[in-house]
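Listing of input-v1.cif, mmCIF, C-alpha atoms and all ligand atoms
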```
data_start
loop_
_atom_site.label_atom_id
_atom_site.label_comp_id
_atom_site.auth_asym_id
_atom_site.auth_seq_id
_atom_site.Cartn_x
_atom_site.Cartn_y
_atom_site.Cartn_z
CA MET A 1 22.40 -58.80 -14.00
CA GLY A 2 19.10 -58.45 -12.19
CA LYS A 3 15.63 -57.04 -12.40
CA VAL A 4 14.94 -53.48 -11.24
CA ALA A 5 11.68 -51.70 -10.44
CA VAL A 6 11.76 -47.95 -11.07
CA LEU A 7 8.79 -46.35 -9.31
CA GLY A 8 8.05 -43.10 -11.13
CA ALA A 9 7.85 -42.53 -14.88
CA GLY A 10 8.79 -38.86 -15.01
CA ALA A 11 11.91 -37.44 -16.62
CA TRP A 12 14.28 -38.68 -13.92
CA GLY A 13 12.72 -42.11 -13.46
CA THR A 14 12.88 -42.66 -17.21
CA ALA A 15 16.51 -41.48 -17.49
CA LEU A 16 17.64 -43.72 -14.60
CA ALA A 17 15.67 -46.68 -15.96
CA LYS A 18 17.40 -46.16 -19.31
CA VAL A 19 20.81 -46.19 -17.56
CA LEU A 20 20.02 -49.45 -15.75
CA ALA A 21 18.67 -51.09 -18.90
CA GLU A 22 21.79 -50.03 -20.83
CA LYS A 23 23.89 -51.56 -18.06
CA GLY A 24 22.13 -54.87 -18.66
CA ASP A 25 19.33 -55.04 -16.10
CA ARG A 26 15.76 -55.93 -16.95
CA VAL A 27 13.85 -52.81 -15.88
CA LEU A 28 10.17 -52.32 -15.18
CA VAL A 29 9.13 -48.68 -14.81
CA TRP A 30 5.96 -48.11 -12.81
CA SER A 31 3.71 -45.30 -13.99
CA ARG A 32 0.52 -44.51 -12.09
CA ARG A 33 -1.00 -43.69 -15.48
CA ALA A 34 -1.74 -46.75 -17.62
CA ASP A 35 -1.83 -44.70 -20.84
CA LEU A 36 1.74 -43.48 -20.29
CA ALA A 37 2.96 -47.06 -19.61
CA GLU A 38 1.26 -48.21 -22.78
CA GLN A 39 2.74 -45.33 -24.80
CA ILE A 40 6.28 -46.07 -23.52
CA ASN A 41 5.99 -49.75 -24.47
CA ARG A 42 4.53 -48.98 -27.89
CA THR A 43 6.82 -46.12 -28.97
CA ARG A 44 10.05 -46.90 -26.98
CA GLU A 45 9.97 -43.28 -25.79
CA ASN A 46 8.46 -41.34 -22.87
CA GLY A 47 6.96 -38.63 -25.04
CA ARG A 48 5.36 -36.81 -22.11
CA TYR A 49 8.34 -36.48 -19.75
CA LEU A 50 11.55 -37.29 -21.66
CA PRO A 51 10.87 -36.87 -25.38
CA GLY A 52 13.64 -37.76 -27.81
CA ALA A 53 15.34 -40.44 -25.68
CA HIS A 54 15.15 -43.91 -27.22
CA LEU A 55 14.44 -46.58 -24.59
CA PRO A 56 15.97 -50.10 -24.92
CA ASP A 57 13.69 -53.13 -25.25
CA SER A 58 14.89 -54.41 -21.86
CA LEU A 59 13.01 -51.45 -20.34
CA GLN A 60 9.26 -51.99 -20.07
CA ALA A 61 6.60 -49.90 -18.34
CA THR A 62 3.60 -51.01 -16.31
CA SER A 63 0.88 -49.41 -14.22
CA ASN A 64 0.77 -52.52 -12.01
CA LEU A 65 3.00 -51.89 -8.98
CA ALA A 66 3.02 -55.53 -7.82
CA GLU A 67 4.17 -56.63 -11.28
CA ALA A 68 6.92 -53.98 -11.28
CA ILE A 69 8.35 -55.15 -7.95
CA ASP A 70 7.80 -58.90 -8.30
CA GLY A 71 11.15 -60.72 -8.54
CA CYS A 72 13.29 -57.58 -8.54
CA ASP A 73 16.48 -57.18 -6.49
CA MET A 74 16.50 -53.35 -6.51
CA ILE A 75 13.75 -50.74 -6.26
CA VAL A 76 14.37 -47.12 -7.28
CA PHE A 77 11.95 -44.62 -5.73
CA VAL A 78 11.79 -41.58 -8.00
CA ALA A 79 8.30 -40.08 -7.70
CA PRO A 80 8.14 -36.44 -6.56
CA SER A 81 8.73 -36.04 -2.82
CA HIS A 82 5.09 -35.25 -2.02
CA ALA A 83 4.09 -38.63 -3.53
CA THR A 84 6.89 -40.78 -2.08
CA ARG A 85 5.02 -41.77 1.09
CA ASP A 86 1.95 -42.92 -0.87
CA VAL A 87 4.10 -44.84 -3.36
CA ALA A 88 6.04 -46.48 -0.50
CA ARG A 89 2.77 -47.50 1.18
CA LEU A 90 1.54 -49.07 -2.06
CA ALA A 91 4.89 -50.81 -2.54
CA ALA A 92 5.28 -52.05 1.05
CA PRO A 93 3.29 -55.32 0.75
CA HIS A 94 5.40 -56.37 -2.25
CA VAL A 95 8.88 -55.53 -0.94
CA LYS A 96 10.93 -58.60 0.00
CA GLU A 97 13.88 -59.02 2.32
CA GLY A 98 17.25 -58.19 0.74
CA MET A 99 15.96 -55.92 -2.02
CA LEU A 100 18.17 -52.82 -2.42
CA ILE A 101 16.15 -49.63 -2.05
CA VAL A 102 17.42 -46.47 -3.77
CA SER A 103 15.83 -43.03 -3.53
CA ALA A 104 16.59 -40.56 -6.33
CA THR A 105 14.02 -37.99 -5.16
CA LYS A 106 15.05 -34.56 -3.88
CA GLY A 107 12.71 -32.91 -1.42
CA ILE A 108 11.28 -32.49 2.08
CA GLU A 109 7.70 -33.45 2.85
CA ASN A 110 5.36 -30.67 3.99
CA ASP A 111 3.69 -31.13 7.43
CA THR A 112 5.97 -33.96 8.68
CA LEU A 113 9.13 -32.08 7.54
CA GLU A 114 10.64 -35.47 6.78
CA PHE A 115 13.35 -36.08 4.17
CA MET A 116 12.98 -39.14 1.93
CA ASP A 117 15.30 -41.12 4.22
CA GLU A 118 12.83 -40.70 7.09
CA VAL A 119 9.75 -41.27 4.90
CA LEU A 120 11.11 -44.56 3.52
CA VAL A 121 12.31 -45.84 6.89
CA HIS A 122 8.87 -45.10 8.39
CA GLU A 123 6.92 -46.69 5.54
CA LEU A 124 9.23 -49.70 4.94
CA PRO A 125 10.53 -50.33 8.48
CA ALA A 126 11.42 -53.97 7.87
CA HIS A 127 13.38 -53.29 4.68
CA ALA A 128 14.59 -49.72 4.23
CA GLY A 129 17.18 -49.33 7.04
CA PRO A 130 20.42 -51.08 6.04
CA ASN A 131 19.50 -51.56 2.37
CA LEU A 132 18.69 -47.90 1.72
CA ALA A 133 20.78 -45.68 -0.60
CA PHE A 134 20.39 -42.18 -2.05
CA LEU A 135 21.39 -41.02 -5.50
CA SER A 136 21.96 -37.28 -5.78
CA GLY A 137 24.15 -34.71 -7.50
CA PRO A 138 24.25 -32.48 -10.59
CA SER A 139 22.26 -34.40 -13.19
CA PHE A 140 19.70 -33.17 -15.67
CA ALA A 141 17.67 -36.11 -17.00
CA LYS A 142 17.93 -34.91 -20.59
CA GLU A 143 21.74 -34.74 -20.49
CA LEU A 144 22.11 -38.14 -18.80
CA ALA A 145 19.77 -39.69 -21.37
CA ALA A 146 21.99 -38.21 -24.09
CA HIS A 147 25.04 -39.91 -22.49
CA LEU A 148 26.71 -36.61 -21.57
CA PRO A 149 29.36 -37.41 -18.92
CA THR A 150 27.74 -37.06 -15.49
CA ALA A 151 28.94 -37.65 -11.91
CA VAL A 152 26.67 -38.23 -8.92
CA VAL A 153 26.90 -39.44 -5.32
CA ILE A 154 25.56 -42.65 -3.81
CA ALA A 155 24.99 -42.17 -0.09
CA ALA A 156 24.27 -45.10 2.20
CA ARG A 157 25.10 -45.88 5.80
CA ASP A 158 26.20 -49.40 4.90
CA GLU A 159 29.47 -49.69 2.99
CA ALA A 160 28.49 -52.86 1.11
CA VAL A 161 25.22 -51.24 -0.02
CA ARG A 162 27.09 -48.15 -1.29
CA HIS A 163 29.41 -50.37 -3.26
CA ARG A 164 26.65 -52.57 -4.72
CA VAL A 165 24.52 -49.61 -5.81
CA MET A 166 27.48 -47.81 -7.39
CA GLN A 167 28.27 -50.90 -9.45
CA ARG A 168 24.66 -51.15 -10.64
CA PHE A 169 24.64 -47.61 -12.12
CA HIS A 170 28.25 -47.29 -13.31
CA LEU A 171 28.62 -46.79 -17.08
CA PRO A 172 31.22 -44.98 -19.22
CA TYR A 173 29.03 -41.85 -19.18
CA LEU A 174 27.92 -42.08 -15.51
CA ARG A 175 30.43 -41.93 -12.68
CA LEU A 176 29.48 -42.51 -9.04
CA TYR A 177 31.14 -41.42 -5.81
CA ALA A 178 30.37 -42.96 -2.43
CA SER A 179 29.29 -41.09 0.70
CA GLU A 180 28.23 -42.27 4.13
CA ASP A 181 26.64 -38.87 4.86
CA VAL A 182 22.98 -39.54 4.03
CA VAL A 183 21.86 -36.40 5.89
CA GLY A 184 24.25 -34.09 4.04
CA VAL A 185 23.52 -35.58 0.62
CA GLU A 186 19.76 -35.33 1.17
CA CYS A 187 20.02 -31.73 2.48
CA GLY A 188 22.10 -30.65 -0.51
CA GLY A 189 19.71 -32.21 -3.02
CA ALA A 190 16.53 -30.85 -1.46
CA LEU A 191 17.66 -27.35 -0.53
CA LYS A 192 19.51 -26.45 -3.75
CA ASN A 193 16.07 -26.26 -5.38
CA VAL A 194 15.05 -23.46 -3.00
CA ILE A 195 18.18 -21.45 -3.79
CA ALA A 196 17.66 -22.11 -7.53
CA LEU A 197 14.24 -20.44 -7.26
CA ALA A 198 16.00 -17.40 -5.78
CA ALA A 199 18.79 -17.46 -8.39
CA GLY A 200 16.23 -17.69 -11.19
CA ALA A 201 14.21 -14.85 -9.68
CA VAL A 202 17.17 -12.44 -9.59
CA ASP A 203 18.03 -13.40 -13.17
CA GLY A 204 14.40 -12.79 -14.13
CA LEU A 205 14.63 -9.36 -12.54
CA GLY A 206 17.67 -8.64 -14.70
CA LEU A 207 20.16 -8.38 -11.83
CA GLY A 208 23.77 -9.26 -12.59
CA HIS A 209 26.35 -11.98 -12.17
CA ASN A 210 27.44 -10.50 -8.82
CA THR A 211 23.96 -11.06 -7.42
CA ARG A 212 23.71 -14.62 -8.68
CA ALA A 213 27.17 -15.54 -7.31
CA ALA A 214 26.29 -14.02 -3.94
CA LEU A 215 23.05 -16.01 -3.79
CA ILE A 216 24.73 -19.28 -4.69
CA THR A 217 27.47 -18.79 -2.09
CA ARG A 218 25.25 -17.56 0.71
CA GLY A 219 22.72 -20.23 -0.28
CA LEU A 220 25.36 -22.88 0.25
CA ALA A 221 26.12 -21.36 3.68
CA GLU A 222 22.52 -21.72 4.85
CA ILE A 223 22.18 -25.23 3.37
CA ALA A 224 25.31 -26.17 5.33
CA ARG A 225 23.92 -24.65 8.54
CA LEU A 226 20.74 -26.73 8.35
CA SER A 227 22.58 -29.86 7.31
CA MET A 228 25.10 -29.57 10.15
CA ALA A 229 22.31 -28.90 12.65
CA ARG A 230 20.79 -32.21 11.48
CA GLY A 231 24.10 -34.04 11.89
CA GLY A 232 25.45 -33.79 8.33
CA SER A 233 29.09 -33.11 7.44
CA ALA A 234 30.10 -29.66 6.11
CA LEU A 235 32.45 -31.34 3.62
CA THR A 236 29.54 -33.06 1.83
CA LEU A 237 28.21 -29.63 0.85
CA ALA A 238 31.49 -28.87 -0.96
CA GLY A 239 30.87 -31.94 -3.13
CA LEU A 240 28.62 -33.05 -5.96
CA ALA A 241 25.43 -33.21 -3.88
CA GLY A 242 26.14 -29.74 -2.45
CA MET A 243 28.00 -27.16 -4.47
CA GLY A 244 27.88 -29.29 -7.64
CA ASP A 245 24.11 -29.55 -7.78
CA LEU A 246 23.62 -26.01 -6.48
CA VAL A 247 25.72 -24.51 -9.28
CA LEU A 248 24.03 -26.69 -11.92
CA THR A 249 20.52 -25.82 -10.79
CA CYS A 250 21.17 -22.12 -10.21
CA THR A 251 22.80 -21.61 -13.62
CA GLY A 252 21.57 -24.38 -15.93
CA GLU A 253 18.84 -23.46 -18.38
CA LEU A 254 17.34 -26.96 -18.14
CA SER A 255 16.45 -26.45 -14.46
CA ARG A 256 12.71 -26.41 -13.76
CA ASN A 257 13.27 -24.68 -10.39
CA ARG A 258 15.41 -21.94 -11.91
CA THR A 259 12.79 -21.50 -14.65
CA VAL A 260 10.03 -21.03 -12.05
CA GLY A 261 12.21 -18.45 -10.27
CA MET A 262 12.93 -16.58 -13.52
CA GLU A 263 9.24 -16.32 -14.36
CA LEU A 264 8.50 -15.06 -10.83
CA GLY A 265 11.23 -12.47 -11.28
CA LYS A 266 9.54 -11.35 -14.50
CA GLY A 267 6.35 -10.83 -12.53
CA ARG A 268 4.28 -13.87 -13.56
CA LYS A 269 1.94 -15.61 -11.10
CA LEU A 270 3.11 -18.86 -9.49
CA THR A 271 -0.05 -20.80 -10.40
CA ASP A 272 0.29 -19.81 -14.07
CA ILE A 273 4.00 -20.69 -14.11
CA LEU A 274 3.43 -24.15 -12.59
CA ARG A 275 0.56 -24.90 -14.96
CA ALA A 276 2.77 -24.11 -17.97
CA LEU A 277 5.80 -26.01 -16.59
CA GLY A 278 4.27 -29.49 -16.93
CA HIS A 279 6.90 -31.01 -14.60
CA VAL A 280 7.48 -30.94 -10.87
CA ALA A 281 9.52 -28.04 -9.42
CA GLU A 282 10.38 -29.58 -6.06
CA GLY A 283 11.65 -26.28 -4.64
CA VAL A 284 8.15 -24.82 -4.42
CA ARG A 285 6.95 -27.30 -1.77
CA THR A 286 10.39 -27.77 -0.23
CA THR A 287 10.68 -24.02 0.43
CA LYS A 288 7.76 -24.30 2.86
CA SER A 289 9.25 -27.38 4.55
CA ALA A 290 12.73 -25.82 4.76
CA ARG A 291 11.39 -22.59 6.19
CA ASP A 292 9.33 -24.50 8.79
CA LEU A 293 12.35 -26.67 9.62
CA SER A 294 14.59 -23.63 10.02
CA VAL A 295 12.09 -22.06 12.45
CA LYS A 296 11.65 -25.33 14.35
CA MET A 297 15.41 -25.96 14.65
CA GLY A 298 16.40 -22.31 15.19
CA VAL A 299 18.66 -22.25 12.09
CA ASP A 300 19.00 -18.92 10.30
CA MET A 301 18.08 -19.34 6.59
CA PRO A 302 17.42 -15.84 5.23
CA ILE A 303 17.31 -16.70 1.51
CA THR A 304 14.90 -19.58 2.17
CA ARG A 305 12.80 -17.22 4.30
CA GLU A 306 12.61 -14.64 1.48
CA VAL A 307 11.75 -17.30 -1.13
CA TYR A 308 8.99 -18.47 1.23
CA ASN A 309 7.72 -14.88 1.56
CA VAL A 310 7.62 -14.50 -2.24
CA LEU A 311 5.94 -17.87 -2.89
CA TYR A 312 3.50 -17.99 0.01
CA GLU A 313 3.10 -14.45 1.41
CA GLY A 314 2.79 -12.37 -1.76
CA LYS A 315 6.04 -10.45 -1.20
CA SER A 316 7.69 -9.02 -4.31
CA VAL A 317 11.06 -10.38 -5.47
CA GLU A 318 12.41 -6.80 -5.45
CA LYS A 319 11.51 -6.34 -1.77
CA GLY A 320 13.01 -9.74 -0.96
CA VAL A 321 16.33 -8.63 -2.48
CA VAL A 322 16.26 -5.32 -0.58
CA ASP A 323 15.60 -7.13 2.71
CA LEU A 324 18.43 -9.63 2.13
CA MET A 325 20.83 -6.76 1.37
CA SER A 326 19.74 -4.98 4.60
CA LEU A 327 20.49 -7.86 6.99
CA PRO A 328 22.80 -6.97 9.90
CA LEU A 329 26.49 -7.11 8.93
CA GLY A 330 28.58 -9.90 10.45
CA PRO A 331 31.24 -12.55 9.89
CA GLU A 332 31.17 -14.59 6.68
CA PHE A 333 31.57 -17.90 8.50
CA SER A 334 29.72 -18.58 11.71
CA PRO A 335 27.31 -21.37 12.69
CA SER A 336 24.50 -18.81 12.98
CA SER A 337 25.25 -15.82 10.73
CA SER A 338 23.15 -14.75 7.76
N1 LIG B 1 14.40 -34.29 -14.04
C1 LIG B 1 15.65 -34.24 -13.58
O1 LIG B 1 16.55 -33.81 -14.30
C2 LIG B 1 15.96 -34.71 -12.19
C3 LIG B 1 17.28 -34.97 -11.85
C4 LIG B 1 17.60 -35.36 -10.57
C5 LIG B 1 16.60 -35.54 -9.63
N2 LIG B 1 15.31 -35.29 -9.97
C6 LIG B 1 14.29 -35.52 -8.94
O2 LIG B 1 13.52 -36.66 -9.29
C7 LIG B 1 12.20 -36.54 -8.74
C8 LIG B 1 11.19 -36.77 -9.85
O3 LIG B 1 11.38 -35.74 -10.79
P1 LIG B 1 11.07 -35.90 -12.35
O4 LIG B 1 12.01 -35.01 -13.06
O5 LIG B 1 11.01 -37.31 -12.75
O6 LIG B 1 9.61 -35.25 -12.39
P2 LIG B 1 8.62 -35.08 -13.64
O7 LIG B 1 7.85 -33.85 -13.39
O8 LIG B 1 9.35 -35.23 -14.93
O9 LIG B 1 7.65 -36.33 -13.49
C9 LIG B 1 6.91 -36.55 -12.32
C10 LIG B 1 6.39 -37.96 -12.35
O10 LIG B 1 5.79 -38.26 -11.09
C11 LIG B 1 4.47 -38.76 -11.33
N3 LIG B 1 3.64 -38.42 -10.18
C12 LIG B 1 3.17 -37.21 -9.82
N4 LIG B 1 2.41 -37.34 -8.72
C13 LIG B 1 2.42 -38.66 -8.40
C14 LIG B 1 1.80 -39.42 -7.38
N5 LIG B 1 1.01 -38.84 -6.47
N6 LIG B 1 2.01 -40.76 -7.36
C15 LIG B 1 2.80 -41.34 -8.27
N7 LIG B 1 3.41 -40.68 -9.27
C16 LIG B 1 3.21 -39.34 -9.32
C17 LIG B 1 4.03 -38.08 -12.61
O11 LIG B 1 2.96 -38.80 -13.19
C18 LIG B 1 5.32 -38.17 -13.42
O12 LIG B 1 5.46 -39.45 -13.98
C19 LIG B 1 12.14 -35.14 -8.12
O13 LIG B 1 12.37 -35.25 -6.74
C20 LIG B 1 13.29 -34.39 -8.77
O14 LIG B 1 13.80 -33.38 -7.95
C21 LIG B 1 14.97 -34.89 -11.21
O1 LIG B 2 15.21 -29.28 -13.14
P1 LIG B 2 15.36 -29.20 -11.65
O2 LIG B 2 15.47 -27.79 -11.16
O3 LIG B 2 14.30 -30.01 -10.96
O4 LIG B 2 16.77 -29.90 -11.29
C1 LIG B 2 17.01 -31.20 -11.75
C2 LIG B 2 18.12 -31.87 -10.97
O5 LIG B 2 17.83 -31.92 -9.60
C3 LIG B 2 19.47 -31.25 -11.22
O6 LIG B 2 20.47 -32.02 -10.57
#
```
As structure tokens, what does this structure read like?
Amino acid sequence: MGKVAVLGAGAWGTALAKVLAEKGDRVLVWSRRADLAEQINRTRENGRYLPGAHLPDSLQATSNLAEAIDGCDMIVFVAPSHATRDVARLAAPHVKEGMLIVSATKGIENDTLEFMDEVLVHELPAHAGPNLAFLSGPSFAKELAAHLPTAVVIAARDEAVRHRVMQRFHLPYLRLYASEDVVGVECGGALKNVIALAAGAVDGLGLGHNTRAALITRGLAEIARLSMARGGSALTLAGLAGMGDLVLTCTGELSRNRTVGMELGKGRKLTDILRALGHVAEGVRTTKSARDLSVKMGVDMPITREVYNVLYEGKSVEKGVVDLMSLPLGPEFSPSSS
């Protein structure tokens, strides 16, 4: 077994670090906040982001990034997407040849419109390419930490890297599937959060199961359109990183993105909702990136557009629903239809 650096001490970083420690690795979790690192080491629990999950002694936390990476053979990037570039820049001087690099973050950067694949390749050009893998799929941190059976995808362009990373995470309660479609897996993970905001919003408005099912299905259609326009495979979106994660996030009560949507649907203000949430809801920033990407690439993404209008243009959820229902009628399946 080896030593792993997990860069990000939120709910997901802590849950994945716990998995790796239970598998037998020595794990150092990097927290940018020294007080959180100290609290994790003292109490064997991340009381701020993953309360109630006991952390093994082989998992330690540190606020020293160089110490976290020193001597490790795998680095897991799991900060929120808007922080990944900064974390990668801080990590870059310490990364050594041959280290496996895994991203478990789901999101698209604002401004550059880059997915984590592109961010990491740009910031770690000497290391990220062949050794880079992505972990995605339907997985709430709290349920994984409680050992509830979970299945996710490991995407990497290199077959040996896929295999090595799958072996590192595999436990009786965590099953991994391999994919070579990095683009599709990243699109599914990032864009399901946007659709979950919409699904939460219609639930918050009190609309029915028909509405939610329509949103999930048509949401998947527009995720697939963007993914295929970027070179991803349509089949990936029928899998764990596509439909699997979309269904989980649009229906699961643990979802932060769905919660934000529900509160919007009930008429609360976004700033108030985010302040009370206390965790990242990646869909809020990713909606802007996805909308900009859809305009730039000429891909029709009507649900994403309406979520953008609600979040950033002050449109009401009710009007967003009316406008989606009034779109021109057309075929269910077409590369461009809404
Ligand atoms: N929580 C889950 O169930 C889950 C599951 C799968 C994937 N993810 C993904 O994992 C990523 C992280 O989510 P999370 O649930 O751990 O978030 P979280 O809200 O629980 O924690 C966020 C963490 O990031 C840190 N952070 C914030 N800004 C930072 C910065 N600028 N630099 C360094 N660290 C910073 C915070 O201090 C905190 O430790 C997201 O992309 C999310 O979509 C989460
Ligand atoms: O709680 P959410 O909405 O950030 O979703 C968490 C995971 O991405 C679910 O797979």
| task | Residues within 6 Å of ligand LIG 1 (chain B) should be enumerated using only C-alpha atoms and all ligand atoms and returned as a PyMOL selection string. | result | chain A and resi 8-13+32+49+78-81+83+104-107+139-141+279-280+282
| Residues around (31.5, -40.9, -6.1), cut-off 8 Å, counting all atoms listed in the file - what are they as a PyMOL selection string? | chain A and resi 151-154+175-179
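Near segment 303-311 of chain A, within 8 Å and counting only C-alpha atoms, sit Val194, Ile195, Leu197, Ala198, Leu215, Gly219, Glu222, Leu270, Val284, Thr287, Lys288, Ala290, Arg291, Met301, Glu313, Gly314, Lys315, Ser316, Val317, Gly320 and Leu324 of chain A, not including residues fewer than 2 positions from it in the same chain.
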How close does each residue of chain A get to ligand LIG 2 (chain B), giving the shortest atom pair and distance in Å to one decimal for every residue with an atom at most 7 Å away, counting all atoms listed in the file, sorted by chain and residue number, as CSV?
```
residue,atom,partner,partner_atom,distance
A:Lys106,CA,B:LIG2,O5,6.9
A:Gly137,CA,B:LIG2,O6,5.5
A:Pro138,CA,B:LIG2,O6,3.8
A:Ser139,CA,B:LIG2,O6,4.0
A:Phe140,CA,B:LIG2,C3,4.9
A:Gly189,CA,B:LIG2,O5,6.8
A:Asn193,CA,B:LIG2,O2,6.0
A:Asp245,CA,B:LIG2,O6,5.2
A:Leu248,CA,B:LIG2,C3,6.5
A:Thr249,CA,B:LIG2,O2,5.4
A:Leu254,CA,B:LIG2,O1,5.9
A:Ser255,CA,B:LIG2,O1,3.4
A:Arg256,CA,B:LIG2,O1,3.9
A:Asn257,CA,B:LIG2,O2,3.9
A:Arg258,CA,B:LIG2,O2,5.9
A:Val280,CA,B:LIG2,O3,6.9
A:Ala281,CA,B:LIG2,O3,5.4
A:Glu282,CA,B:LIG2,O3,6.3
```
| task | Provide the atom CA of Ala213 of chain A to atom CA of Ala196 of chain A distance in Å, to one decimal place. | result | 11.6 Å
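When all atoms listed in the file are used to compute distances to Glu67 of chain A, the closest of the residues A:Thr251, A:Thr271, A:Ser31, A:Ser289 turns out to be A:Ser31.
Between Leu28 of chain A and the candidates A:Gln167, A:Thr84, A:Ser58, A:Thr43, the tightest atom-to-atom separation, counting only C-alpha atoms, involves A:Ser58.
One distance worth recording is that between atom CA of Arg162 of chain A and atom CA of Trp30 of chain A, which is 24.1 Å.
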